[in-house]
Amino acid sequence: MRTTSQWDIVCTVDDLVPESGIAVWTPEGPVAIFYIPHRLPALFAISHTDPFSGANVLARGITGDLKGEPVVASPLYKQHFNLVTGQCLEDDSVKVRTYRVLLDGKAVRLEVSKAKTLVEAA
Amino acid sequence: MSNKTLIVIGNGMVGHHFLEQFAASPAADDYNVIVFGEEKQLAYDRVHLSEYFSGSTHADLAMGTADWYTENNIDLHLHEQVAGIDREARTVTTAKGNYQYDELVLATGSYPFVPPIDGKDNDNCFVYRTLDDLDAIRACAAGAKTGVVVGGGLLGLEAANALKSLGLDAHVVEFAPRLMPVQLDEDGGAVLRNKIEELGVQVHNEKATTGIVDGEDCRLRMNFSDDDFLETDLIVFSAGIRPQDALARLCELDIGERGGIVVDNQCTTSDPHIHAIGECALWNKQIFGLVAPGYTMARTLSAVLNGDGEAAFTGADMSTKLKLLGVDVGSIGDAHANTPGARNIRFNDEKAGHYRRMVVSEDGKKVLGAILVGDNSHYDTLLQYALNGIDLPENPESLILPESQGGAPTLGPDALPDTAQICSCHNVSKGDICCSIDAGATDLGAVKGETKASSGCGGCAALLKNVVDSELEKRGVEVSKDICEHFPYSRQDLFNIVKVNGIRTFRTLIEQHGSGHGCDICKPAVGSILATCWNEHILATDHVPLQDTNDTFMANMQKNGTYSIVPRVPGGEITPDKLIVLGEVAKEYNLYTKITGGQRVDLFGATLSELPEIWEKLIAAGFETGHAYGKSLRTVKSCVGNTWCRYGVQDSTGMAIFLEDRYKGLRAPHKVKMGVSGCTRECAEAQSKDIGVIATENGWNLYVCGNGGMRPRHADLFATDLDDEQLIKTIDRVLMFYVRTADRLQRTSVWMENMEGGLDYLKEVVLENSLGIGEELEQHMADLVGTYQCEWKTAVEDPEKRKRFREFVNAPEKKDPVQVWTTERDQRRPLLETDAEPA
Ligand code: SRM
Ligand SMILES: Cc1cc2nc3c(=O)[nH]c(=O)nc-3n(C[C@H](O)[C@H](O)[C@H](O)COP(=O)(O)OP(=O)(O)OC[C@H]3O[C@@H](n4cnc5c(N)ncnc54)[C@H](O)[C@@H]3O)c2cc1C
Ligand code: SF4
Ligand code: FES
């Protein structure tokens, strides 16, 4: 069951960096958004927090694919995270949160829960 | 059902190997197994004992785990010495009780022999055998200046190296007239001695120690029979080993004249229920002080206990290949030409310090033995000729001559018979390797896993790889030198593809020559290749996603997600005004400030969004990026040189600054460090750098391929008395050749060690222009030098690039909540998990 959610505009296409990530602040904390132009869908969003160090850095990792699955490598200790499922490839027991994200014209919308709004949390 | 009991005394290398074999065999079901080890630790890799001084822990060296013993129902008693054996009652006794056995295995190894010298029991005297010994030596070395090793054999030299690594002035005192008397001849010993003294270990040959007394300048004084003496703070005895046969003597098993538990071909002693393996066992009047024969005994005994009537130990090859203090030494078979009629062929290059002696049979057809000092590249080939009785080529001397003097290329893996032993530690033949490949192993890793080859001393690694590659190729399997799953090419292949096809972006390269989207292995590697070929800004849109985060943001990421800033300070020379700017900027942004090991200043704790602002200020004050984040030139360490120093003979600071300015920004497979010293006192530690320059009366001596870091390597002397122009030209060529041909993340040291032909080859390419690419390398370097830009300058001036430095693109004012700070020694630092503990 999903909680009620809303699709907040977090940035625009111009903020994105092809083949790489950027970070946005949301009511649920920092989120990393990756833009992989040669894939469909081209946008992925996962938590920006690296579970191994606690630092907010995942958007600054190198993206790519392993065995066909899109991944990002943590810039600190280089573990890979599946961009679709959030699963860590090196450690079965670790998974980062994933978010739904979509392109609405030039706006990038991210699905966050309805309880808080961007303004309240910031 | 297990109803019988097998007891193993000794949990060393061979004892453990035996248990591994036995536990996997059918007989394991019939026995309860109990093991007694006198040492506190679980069996560990004694061969690599010295690595304990360079950072390895017991866990790194351990041969198995406690869990493995539990899983295999082996009852392990560590730190419990066996004090006696009752052969009638078939029991062994320890301080904790008596234990019944049906079969008993002695794997008690050996103990270091300490000559009966007055004063040998002084608290500052040690042996070199166990982890506990090393702990004691380390403790004693604190506060000591000098250390002496008594004994110039293989282990003695290793111990001397260890003393050196503990920061002591190391000496070796040897009774015989040469080093390693067992393995080497006079000439070989002399070459080795020269090399070792060059490395700063002093060798005293033909010295017999008569007594150890209190010293005047040091803790101890060693008196010699010739009335000479030597002062030292600690002594390590390494005067040979003796088989640990004390238990066997007590219970009156047959013992050899000079010690050792007598065993037959089945590794069984004079008591049919007691067996002995490893260094404590005496077979055919021989003790084997190496691990490989011990492993063979372990395998034999396991087979014997499984009822294999044909299993037999029939002796072992005692050839050895070592690196002692970084000097190659090899000894094969009948090294001293004791076989009647044997003839010698010698090659001695005194300048390079290479000595090779090959002992051939009377008819000149077979290799009987060999001695190598200074360069082991001929070892594998000679060993294979000797072990497999391969017929020598017509002019046998070609086997030990350098290729430039008509030497033959090394023996290819194809020339080896199936019986050729590739790994002596685990007794793996070429045939075994072929079998494992035929049974489905398709790469080196799988063959290793299947056969265990190369998981012992590691000495066979290069040969194993050659054999596996060649066998796979024969079977039509493509041998993977691929950089990763996206490109079926090595880094060097990719370099050529990029260069020849004029490819300028990762996307073009992967679309035309690879598959998928890339990963964190190939992207930075290609980024570096593109930089070498075209030298465009690393933050150009196409290149941004290729870089490691440190390169993307041109700063080093720290554990809490902030960055450090290291401006370039060429040669370590800095004006007071610039120092003040560093201080002011650090103060403004509350940055933790530290002098680095590279003669410059590191400012820590800047957030992503602060980076461009800080750099704007630094650039305005005349600073440039220091590339502390890049796989590129780091620093050129300098000393003050003849401008100030009374000993200096050239302007080393000036040269260091010149070199740093010339090569700054050069992208390479790994980082590159340089040093320039003003005289042989070497205050800039140039010999530990990738490129080291030391001033001479007549110019500069150039050293190459040194390394500090995890595996230190002294740089090799490459050319002498160069003038400024020759020096630059030579460095240009060496560096460019490295950039083009090294693997990803390969420092120059490893690059050179893996290069076929090694230093000689590099000299041919660079100094003799044997490939005819000298001018091209220089031209390429000139192009790169000419297109240098300070990446930070370009970045701060470009609003598009600056956009990348927003921490949260939608909330510019938001502070990252996990970056929490505290103060220590008057500076800010991140709050660590450990700080949460109450004070
Ligand atoms: C800052 C500094 C330590 C200090 O406080 O002094 C340092 C810090 C780091 N070193 Fe170093 N090294 C520093 C001098 C050295 C030296 C000494 C020297 O250069 O004279 C060495 C040994 C010499 C050598 O490299 O041969 C050294 C050998 C290493 C190594 C091991 C390299 C090797 O070949 O074994 C690494 C790991 C690597 O590069 O893969 C490393 C990696 C690192 C990294 C980049 C680790 C990391 O990824 O976070 C550290 C981060 C730097 C930062 O955040 O700014 N650092 N490091 C020194 C910076 C010097 C400079 O001004 O650029
Ligand atoms: C510094 C160093 C470097 C070396 N380098 C090499 C090399 O490069 N190549 C090579 O082939 N070999 C090398 N060797 C030799 C190699 O380590 C030995 O050949 C190997 O360890 C022999 O194994 P082992 O099991 O017979 O003896 P050990 O490994 O010595 O094990 C015997 C164990 O039995 C224990 N023990 C003895 N008596 C009792 C008792 N009464 N009760 C309980 N336990 C007992 C001992 O404490 C010890 O732990 C090196 C050795 C040293 C010290
Ligand atoms: S290396 Fe030589 S010139 Fe340089 S500071 Fe040391 S003694 Fe002086
Ligand atoms: S020879 Fe020692 S591991 Fe192969």
# chains A, B, ... in the order shown; residues from 1 in each chain; ligands from 1
call {"tool": "residues_around", "arguments": {"residues": "Ser113 in chain A", "least_positions_apart": "6", "cutoff": "9 Å", "atoms": "only C-alpha atoms", "output": "ChimeraX atom specification"}}
result
/A:3-7,27-28
call {"tool": "write_last_selection", "arguments": {"atoms": "N, CA, C and O atoms", "output": "PDB file, in the first residue's frame"}}
result
ATOM      1  N   THR A   3       1.546   5.282   0.635  1.00  0.00           N
ATOM      2  CA  THR A   3       1.007   6.428   1.372  1.00  0.00           C
ATOM      3  C   THR A   3       0.672   7.492   0.342  1.00  0.00           C
ATOM      4  O   THR A   3       1.197   7.503  -0.754  1.00  0.00           O
ATOM      5  N   THR A   4      -0.169   8.399   0.713  1.00  0.00           N
ATOM      6  CA  THR A   4      -0.507   9.479  -0.214  1.00  0.00           C
ATOM      7  C   THR A   4       0.742  10.254  -0.540  1.00  0.00           C
ATOM      8  O   THR A   4       1.524  10.584   0.337  1.00  0.00           O
ATOM      9  N   SER A   5       0.926  10.523  -1.786  1.00  0.00           N
ATOM     10  CA  SER A   5       2.157  11.200  -2.140  1.00  0.00           C
ATOM     11  C   SER A   5       1.853  12.333  -3.096  1.00  0.00           C
ATOM     12  O   SER A   5       0.750  12.455  -3.625  1.00  0.00           O
ATOM     13  N   GLN A   6       2.875  13.139  -3.316  1.00  0.00           N
ATOM     14  CA  GLN A   6       2.707  14.208  -4.286  1.00  0.00           C
ATOM     15  C   GLN A   6       3.971  14.288  -5.121  1.00  0.00           C
ATOM     16  O   GLN A   6       5.029  13.817  -4.728  1.00  0.00           O
ATOM     17  N   TRP A   7       3.852  14.868  -6.299  1.00  0.00           N
ATOM     18  CA  TRP A   7       4.997  14.973  -7.210  1.00  0.00           C
ATOM     19  C   TRP A   7       5.517  16.398  -7.162  1.00  0.00           C
ATOM     20  O   TRP A   7       4.981  17.294  -7.787  1.00  0.00           O
ATOM     21  N   PRO A  27      11.685  16.995   1.397  1.00  0.00           N
ATOM     22  CA  PRO A  27      11.186  16.836   2.760  1.00  0.00           C
ATOM     23  C   PRO A  27      11.652  15.515   3.366  1.00  0.00           C
ATOM     24  O   PRO A  27      11.663  15.352   4.587  1.00  0.00           O
ATOM     25  N   GLU A  28      12.031  14.578   2.538  1.00  0.00           N
ATOM     26  CA  GLU A  28      12.478  13.296   3.078  1.00  0.00           C
ATOM     27  C   GLU A  28      13.992  13.176   3.129  1.00  0.00           C
ATOM     28  O   GLU A  28      14.534  12.084   3.276  1.00  0.00           O
TER      29      GLU A  28
END
call {"tool": "residues_near_ligand", "arguments": {"ligand": "ligand 4", "cutoff": "12 Å", "atoms": "only C-alpha atoms and all ligand atoms", "output": "PyMOL selection string"}}
result
chain B and resi 45+47-48+290-296+317-322+380+383+421-430+448+451-465
call {"tool": "residues_around", "arguments": {"residues": "Thr549 in chain B", "least_positions_apart": "4", "cutoff": "12 Å", "atoms": "only C-alpha atoms", "output": "MDAnalysis selection string"}}
result
(chainID A and resid 20:21 57:63 72:78) or (chainID B and resid 520 523:524 538:539 544:545 553:558 561:563 608 629:630 804:805)
call {"tool": "write_last_selection", "arguments": {"atoms": "C-alpha atoms", "output": "PDB file, in the first residue's frame"}}
result
ATOM      1  CA  SER A  20      25.915  11.783 -14.079  1.00  0.00           C
ATOM      2  CA  GLY A  21      24.051  12.830 -10.949  1.00  0.00           C
ATOM      3  CA  VAL A  57      27.600  11.864  -1.657  1.00  0.00           C
ATOM      4  CA  LEU A  58      25.994   9.238  -3.916  1.00  0.00           C
ATOM      5  CA  ALA A  59      25.041  11.786  -6.615  1.00  0.00           C
ATOM      6  CA  ARG A  60      28.772  12.384  -7.054  1.00  0.00           C
ATOM      7  CA  GLY A  61      29.563   8.793  -8.038  1.00  0.00           C
ATOM      8  CA  ILE A  62      30.329   7.420 -11.480  1.00  0.00           C
ATOM      9  CA  THR A  63      27.349   5.947 -13.300  1.00  0.00           C
ATOM     10  CA  VAL A  72      26.243   4.183  -9.566  1.00  0.00           C
ATOM     11  CA  ALA A  73      29.515   3.603  -7.710  1.00  0.00           C
ATOM     12  CA  SER A  74      29.804   5.336  -4.338  1.00  0.00           C
ATOM     13  CA  PRO A  75      32.590   7.918  -4.577  1.00  0.00           C
ATOM     14  CA  LEU A  76      33.860   7.071  -1.107  1.00  0.00           C
ATOM     15  CA  TYR A  77      34.318   3.323  -0.887  1.00  0.00           C
ATOM     16  CA  LYS A  78      33.228   2.375  -4.428  1.00  0.00           C
TER      17      LYS A  78
ATOM     18  CA  ASP B 520      33.720   3.234 -12.769  1.00  0.00           C
ATOM     19  CA  LYS B 523      35.317   5.628 -17.587  1.00  0.00           C
ATOM     20  CA  PRO B 524      38.184   7.156 -15.591  1.00  0.00           C
ATOM     21  CA  ILE B 538      38.354  17.617 -17.680  1.00  0.00           C
ATOM     22  CA  LEU B 539      35.083  19.381 -16.975  1.00  0.00           C
ATOM     23  CA  VAL B 544      32.562  15.273 -16.669  1.00  0.00           C
ATOM     24  CA  PRO B 545      30.851  11.921 -16.194  1.00  0.00           C
ATOM     25  CA  PHE B 553      35.206  18.439  -8.337  1.00  0.00           C
ATOM     26  CA  MET B 554      38.977  18.899  -8.594  1.00  0.00           C
ATOM     27  CA  ALA B 555      39.433  18.258  -4.883  1.00  0.00           C
ATOM     28  CA  ASN B 556      39.749  15.187  -2.677  1.00  0.00           C
ATOM     29  CA  MET B 557      36.573  13.973  -1.032  1.00  0.00           C
ATOM     30  CA  GLN B 558      36.878  13.374   2.706  1.00  0.00           C
ATOM     31  CA  GLY B 561      31.560  14.447   2.034  1.00  0.00           C
ATOM     32  CA  THR B 562      33.575  17.666   2.316  1.00  0.00           C
ATOM     33  CA  TYR B 563      36.728  18.298   0.287  1.00  0.00           C
ATOM     34  CA  LEU B 608      31.207  21.553  -2.453  1.00  0.00           C
ATOM     35  CA  TYR B 629      43.051  14.692  -6.847  1.00  0.00           C
ATOM     36  CA  GLY B 630      44.353  13.603 -10.240  1.00  0.00           C
ATOM     37  CA  ARG B 804      28.259  21.697 -10.839  1.00  0.00           C
ATOM     38  CA  PHE B 805      29.360  22.835  -7.401  1.00  0.00           C
TER      39      PHE B 805
END
call {"tool": "select_by_dssp", "arguments": {"residues": "chain A", "states": "strand (DSSP E or B)", "output": "PyMOL selection string"}}
result
chain A and resi 5-12+18+20-26+29-35+43-47+49+56+62-66+69-73+80-82+87-88+95+98-99+101-104+107-113
call {"tool": "write_last_selection", "arguments": {"atoms": "C-alpha atoms", "output": "PDB file, in the first residue's frame"}}
result
ATOM      1  CA  SER A   5       2.157  11.200  -2.140  1.00  0.00           C
ATOM      2  CA  GLN A   6       2.707  14.208  -4.286  1.00  0.00           C
ATOM      3  CA  TRP A   7       4.997  14.973  -7.210  1.00  0.00           C
ATOM      4  CA  ASP A   8       7.153  17.962  -6.283  1.00  0.00           C
ATOM      5  CA  ILE A   9       9.159  19.875  -8.850  1.00  0.00           C
ATOM      6  CA  VAL A  10      12.744  19.588  -7.604  1.00  0.00           C
ATOM      7  CA  CYS A  11      14.716  21.066 -10.483  1.00  0.00           C
ATOM      8  CA  THR A  12      14.738  21.504 -14.249  1.00  0.00           C
ATOM      9  CA  PRO A  18      24.086  13.855 -18.715  1.00  0.00           C
ATOM     10  CA  SER A  20      25.915  11.783 -14.079  1.00  0.00           C
ATOM     11  CA  GLY A  21      24.051  12.830 -10.949  1.00  0.00           C
ATOM     12  CA  ILE A  22      22.979  15.895  -9.008  1.00  0.00           C
ATOM     13  CA  ALA A  23      21.537  16.182  -5.503  1.00  0.00           C
ATOM     14  CA  VAL A  24      18.301  17.834  -4.401  1.00  0.00           C
ATOM     15  CA  TRP A  25      16.933  18.521  -0.949  1.00  0.00           C
ATOM     16  CA  THR A  26      13.456  17.076  -0.266  1.00  0.00           C
ATOM     17  CA  GLY A  29      16.107  14.267   3.022  1.00  0.00           C
ATOM     18  CA  PRO A  30      18.716  14.466   0.296  1.00  0.00           C
ATOM     19  CA  VAL A  31      17.979  12.631  -2.955  1.00  0.00           C
ATOM     20  CA  ALA A  32      20.335  11.902  -5.866  1.00  0.00           C
ATOM     21  CA  ILE A  33      18.911  12.219  -9.373  1.00  0.00           C
ATOM     22  CA  PHE A  34      20.758  10.619 -12.262  1.00  0.00           C
ATOM     23  CA  TYR A  35      20.247  11.426 -15.909  1.00  0.00           C
ATOM     24  CA  LEU A  43      15.911   9.479 -14.991  1.00  0.00           C
ATOM     25  CA  PHE A  44      16.657   7.625 -11.771  1.00  0.00           C
ATOM     26  CA  ALA A  45      16.384   8.786  -8.169  1.00  0.00           C
ATOM     27  CA  ILE A  46      17.853   7.171  -5.087  1.00  0.00           C
ATOM     28  CA  SER A  47      18.813   8.367  -1.642  1.00  0.00           C
ATOM     29  CA  THR A  49      23.157   9.151   1.530  1.00  0.00           C
ATOM     30  CA  ASN A  56      25.621  12.596   1.458  1.00  0.00           C
ATOM     31  CA  ILE A  62      30.329   7.420 -11.480  1.00  0.00           C
ATOM     32  CA  THR A  63      27.349   5.947 -13.300  1.00  0.00           C
ATOM     33  CA  GLY A  64      27.357   3.047 -15.688  1.00  0.00           C
ATOM     34  CA  ASP A  65      25.973  -0.415 -16.097  1.00  0.00           C
ATOM     35  CA  LEU A  66      27.026  -3.815 -14.841  1.00  0.00           C
ATOM     36  CA  GLU A  69      21.709  -3.002 -14.999  1.00  0.00           C
ATOM     37  CA  PRO A  70      22.192   0.734 -14.434  1.00  0.00           C
ATOM     38  CA  VAL A  71      24.389   1.455 -11.399  1.00  0.00           C
ATOM     39  CA  VAL A  72      26.243   4.183  -9.566  1.00  0.00           C
ATOM     40  CA  ALA A  73      29.515   3.603  -7.710  1.00  0.00           C
ATOM     41  CA  HIS A  80      27.815  -0.168  -6.571  1.00  0.00           C
ATOM     42  CA  PHE A  81      24.104   0.520  -6.174  1.00  0.00           C
ATOM     43  CA  ASN A  82      21.460  -0.553  -8.667  1.00  0.00           C
ATOM     44  CA  GLN A  87      20.308  -2.815  -4.095  1.00  0.00           C
ATOM     45  CA  CYS A  88      24.005  -2.761  -3.189  1.00  0.00           C
ATOM     46  CA  LYS A  95      19.752  -1.344  -0.040  1.00  0.00           C
ATOM     47  CA  THR A  98      14.622   4.654  -4.370  1.00  0.00           C
ATOM     48  CA  TYR A  99      12.198   7.311  -5.550  1.00  0.00           C
ATOM     49  CA  VAL A 101      11.002  10.568 -10.789  1.00  0.00           C
ATOM     50  CA  LEU A 102       9.651  11.894 -14.094  1.00  0.00           C
ATOM     51  CA  LEU A 103      10.108  14.620 -16.613  1.00  0.00           C
ATOM     52  CA  ASP A 104       7.186  17.047 -16.999  1.00  0.00           C
ATOM     53  CA  ALA A 107      10.486  20.237 -14.919  1.00  0.00           C
ATOM     54  CA  VAL A 108      11.845  17.264 -13.010  1.00  0.00           C
ATOM     55  CA  ARG A 109       9.213  15.894 -10.625  1.00  0.00           C
ATOM     56  CA  LEU A 110      10.001  13.632  -7.716  1.00  0.00           C
ATOM     57  CA  GLU A 111       7.440  11.624  -5.763  1.00  0.00           C
ATOM     58  CA  VAL A 112       7.588  12.401  -2.052  1.00  0.00           C
ATOM     59  CA  SER A 113       5.115  11.636   0.713  1.00  0.00           C
TER      60      SER A 113
END
call {"tool": "closest_atom_pairs", "arguments": {"of": "chain B", "to": "ligand 3", "cutoff": "6 Å", "atoms": "only C-alpha atoms and all ligand atoms", "output": "Markdown table"}}
result
| residue | atom | partner | partner_atom_place_in_ligand_line | distance |
| --- | --- | --- | --- | --- |
| B:Cys639 | CA | ligand 3 | 4 (Fe) | 4.5 |
| B:Val640 | CA | ligand 3 | 5 (S) | 5.2 |
| B:Gly641 | CA | ligand 3 | 3 (S) | 3.8 |
| B:Asn642 | CA | ligand 3 | 3 (S) | 5.7 |
| B:Cys645 | CA | ligand 3 | 8 (Fe) | 4.5 |
| B:Tyr647 | CA | ligand 3 | 8 (Fe) | 5.1 |
| B:Gly648 | CA | ligand 3 | 3 (S) | 3.3 |
| B:Ser677 | CA | ligand 3 | 1 (S) | 4.6 |
| B:Gly678 | CA | ligand 3 | 3 (S) | 3.8 |
| B:Cys679 | CA | ligand 3 | 2 (Fe) | 3.9 |
| B:Arg681 | CA | ligand 3 | 1 (S) | 4.6 |
| B:Glu682 | CA | ligand 3 | 1 (S) | 4.2 |
| B:Cys683 | CA | ligand 3 | 1 (S) | 4.1 |
call {"tool": "select_by_dssp", "arguments": {"residues": "range 662-826 of chain B", "states": "alpha helix (DSSP H)", "output": "ChimeraX atom specification"}}
result
/B:662-663,724-741,748-754,758-767,774-786,791-796,799-802
call {"tool": "closest_residue", "arguments": {"among": "A:Asp14, A:Leu89, A:Gly68, A:His48", "to": "chain B", "atoms": "only C-alpha atoms"}}
result
A:Gly68
call {"tool": "interface_residues", "arguments": {"of": "chain B", "to": "chain A", "cutoff": "10 Å", "atoms": "only C-alpha atoms", "output": "compact mmCIF listing (two decimals) with N, CA and C atoms, in the first residue's frame"}}
result
# COMPACT_ATOMS: atom_id res chain seq x y z
N CYS B 484 37.42 -4.16 -18.60
CA CYS B 484 36.19 -4.44 -17.86
C CYS B 484 35.18 -5.02 -18.84
N GLU B 485 33.93 -5.23 -18.37
CA GLU B 485 32.96 -5.89 -19.25
C GLU B 485 32.54 -5.03 -20.44
N HIS B 486 32.87 -3.76 -20.43
CA HIS B 486 32.40 -2.90 -21.52
C HIS B 486 33.34 -2.81 -22.72
N SER B 515 30.63 -1.93 -25.52
CA SER B 515 29.20 -2.21 -25.41
C SER B 515 28.71 -1.66 -24.08
N GLY B 516 27.40 -1.45 -23.97
CA GLY B 516 26.82 -0.96 -22.72
C GLY B 516 27.12 0.52 -22.50
N HIS B 517 27.15 0.90 -21.24
CA HIS B 517 27.27 2.32 -20.91
C HIS B 517 28.53 2.67 -20.15
N GLY B 518 29.37 1.69 -19.87
CA GLY B 518 30.59 2.00 -19.13
C GLY B 518 30.42 1.81 -17.64
N CYS B 519 31.50 2.02 -16.89
CA CYS B 519 31.44 1.84 -15.44
C CYS B 519 32.58 2.62 -14.80
N ASP B 520 32.71 2.46 -13.48
CA ASP B 520 33.72 3.23 -12.77
C ASP B 520 35.13 2.72 -13.00
N ILE B 521 35.29 1.63 -13.76
CA ILE B 521 36.64 1.18 -14.13
C ILE B 521 37.04 1.83 -15.46
N CYS B 522 36.20 1.63 -16.49
CA CYS B 522 36.63 2.09 -17.82
C CYS B 522 36.49 3.60 -18.00
N LYS B 523 35.52 4.20 -17.34
CA LYS B 523 35.32 5.63 -17.59
C LYS B 523 36.52 6.47 -17.18
N PRO B 524 37.01 6.34 -15.92
CA PRO B 524 38.18 7.16 -15.59
C PRO B 524 39.40 6.79 -16.43
N THR B 541 31.83 19.16 -21.06
CA THR B 541 30.61 18.37 -20.85
C THR B 541 30.80 16.88 -21.09
N ASP B 542 31.51 16.54 -22.15
CA ASP B 542 31.66 15.12 -22.47
C ASP B 542 32.52 14.36 -21.46
N HIS B 543 33.38 15.08 -20.80
CA HIS B 543 34.33 14.40 -19.93
C HIS B 543 33.88 14.33 -18.47
N VAL B 544 32.97 15.22 -18.07
CA VAL B 544 32.56 15.27 -16.67
C VAL B 544 32.20 13.90 -16.11
N PRO B 545 31.29 13.17 -16.81
CA PRO B 545 30.85 11.92 -16.19
C PRO B 545 31.92 10.83 -16.17
N LEU B 546 33.06 11.08 -16.76
CA LEU B 546 34.11 10.04 -16.79
C LEU B 546 34.96 10.07 -15.54
N GLN B 547 34.94 11.18 -14.84
CA GLN B 547 35.95 11.36 -13.80
C GLN B 547 35.49 10.81 -12.47
N ASP B 548 36.46 10.33 -11.69
CA ASP B 548 36.20 10.02 -10.30
C ASP B 548 35.78 11.31 -9.63
N THR B 549 35.06 11.18 -8.53
CA THR B 549 34.54 12.39 -7.92
C THR B 549 35.64 13.40 -7.64
N ASN B 550 36.82 12.92 -7.24
CA ASN B 550 37.90 13.84 -6.94
C ASN B 550 38.28 14.68 -8.15
N THR B 552 36.16 15.19 -10.80
CA THR B 552 35.01 15.98 -11.17
C THR B 552 35.01 17.29 -10.43
N PHE B 553 35.29 17.23 -9.14
CA PHE B 553 35.21 18.44 -8.34
C PHE B 553 36.59 19.01 -8.05
N MET B 557 37.70 14.13 -1.93
CA MET B 557 36.57 13.97 -1.03
C MET B 557 37.03 13.36 0.29
N GLN B 558 36.55 13.90 1.38
CA GLN B 558 36.88 13.37 2.71
C GLN B 558 35.72 12.53 3.23
N LYS B 559 35.92 11.91 4.38
CA LYS B 559 34.96 10.90 4.82
C LYS B 559 33.56 11.45 5.08
N ASN B 560 33.44 12.75 5.34
CA ASN B 560 32.11 13.28 5.62
C ASN B 560 31.51 14.00 4.41
N GLY B 561 32.12 13.84 3.23
CA GLY B 561 31.56 14.45 2.03
C GLY B 561 32.09 15.84 1.75
N THR B 562 32.94 16.38 2.63
CA THR B 562 33.58 17.67 2.32
C THR B 562 34.86 17.40 1.52
N GLU B 800 28.75 27.94 -16.35
CA GLU B 800 28.17 26.61 -16.55
C GLU B 800 28.89 25.57 -15.68
N LYS B 803 28.13 25.70 -11.99
CA LYS B 803 26.84 25.13 -11.57
C LYS B 803 26.99 23.75 -10.93
N ARG B 804 28.04 23.04 -11.36
CA ARG B 804 28.26 21.70 -10.84
C ARG B 804 28.53 21.68 -9.34
N PHE B 805 28.91 22.82 -8.78
CA PHE B 805 29.36 22.84 -7.40
C PHE B 805 28.25 23.19 -6.41
N ARG B 806 26.99 22.99 -6.85
CA ARG B 806 25.88 23.22 -5.92
C ARG B 806 25.63 21.94 -5.15
N GLU B 807 25.60 22.01 -3.84
CA GLU B 807 25.39 20.78 -3.07
C GLU B 807 23.99 20.23 -3.31
N PHE B 808 22.97 21.10 -3.20
CA PHE B 808 21.59 20.72 -3.49
C PHE B 808 21.09 21.73 -4.51
N VAL B 809 20.79 21.28 -5.72
CA VAL B 809 20.54 22.26 -6.77
C VAL B 809 19.30 23.10 -6.49
N ASN B 810 18.38 22.58 -5.67
CA ASN B 810 17.15 23.33 -5.42
C ASN B 810 17.17 24.08 -4.10
N ALA B 811 18.24 23.99 -3.34
CA ALA B 811 18.26 24.64 -2.03
C ALA B 811 19.67 25.14 -1.72
N PRO B 812 20.09 26.22 -2.38
CA PRO B 812 21.48 26.69 -2.28
C PRO B 812 21.92 26.99 -0.85
N GLU B 813 21.00 27.38 0.01
CA GLU B 813 21.40 27.77 1.36
C GLU B 813 21.49 26.58 2.32
N LYS B 814 20.97 25.44 1.87
CA LYS B 814 20.86 24.28 2.76
C LYS B 814 22.24 23.76 3.15
N ASP B 816 24.52 20.74 4.57
CA ASP B 816 24.42 19.29 4.68
C ASP B 816 24.35 18.90 6.16
N PRO B 817 23.25 18.29 6.59
CA PRO B 817 23.06 18.04 8.02
C PRO B 817 24.04 17.02 8.62
N VAL B 818 24.69 16.20 7.80
CA VAL B 818 25.59 15.22 8.43
C VAL B 818 26.98 15.78 8.70
N GLN B 819 27.24 16.99 8.19
CA GLN B 819 28.56 17.56 8.45
C GLN B 819 28.57 18.29 9.79
call {"tool": "closest_residue", "arguments": {"among": "B:Tyr52, B:Phe604, B:Phe718, B:Tyr101", "to": "ligand 1", "atoms": "only C-alpha atoms and all ligand atoms"}}
result
B:Phe604
call {"tool": "closest_residue", "arguments": {"among": "B:Glu174, B:Glu584, B:Glu764, B:Asp132", "to": "ligand 2", "atoms": "only C-alpha atoms and all ligand atoms"}}
result
B:Asp132
call {"tool": "residues_near_ligand", "arguments": {"ligand": "ligand 1", "cutoff": "8 Å", "atoms": "only C-alpha atoms and all ligand atoms", "output": "ChimeraX atom specification"}}
result
/B:555-558,563-566,594-604,626-629,634-635,637,670-673,688-690,706-712,745,747
call {"tool": "closest_residue", "arguments": {"among": "B:Lys195, B:Lys323, B:His171, B:His204", "to": "ligand 2", "atoms": "only C-alpha atoms and all ligand atoms"}}
result
B:Lys323
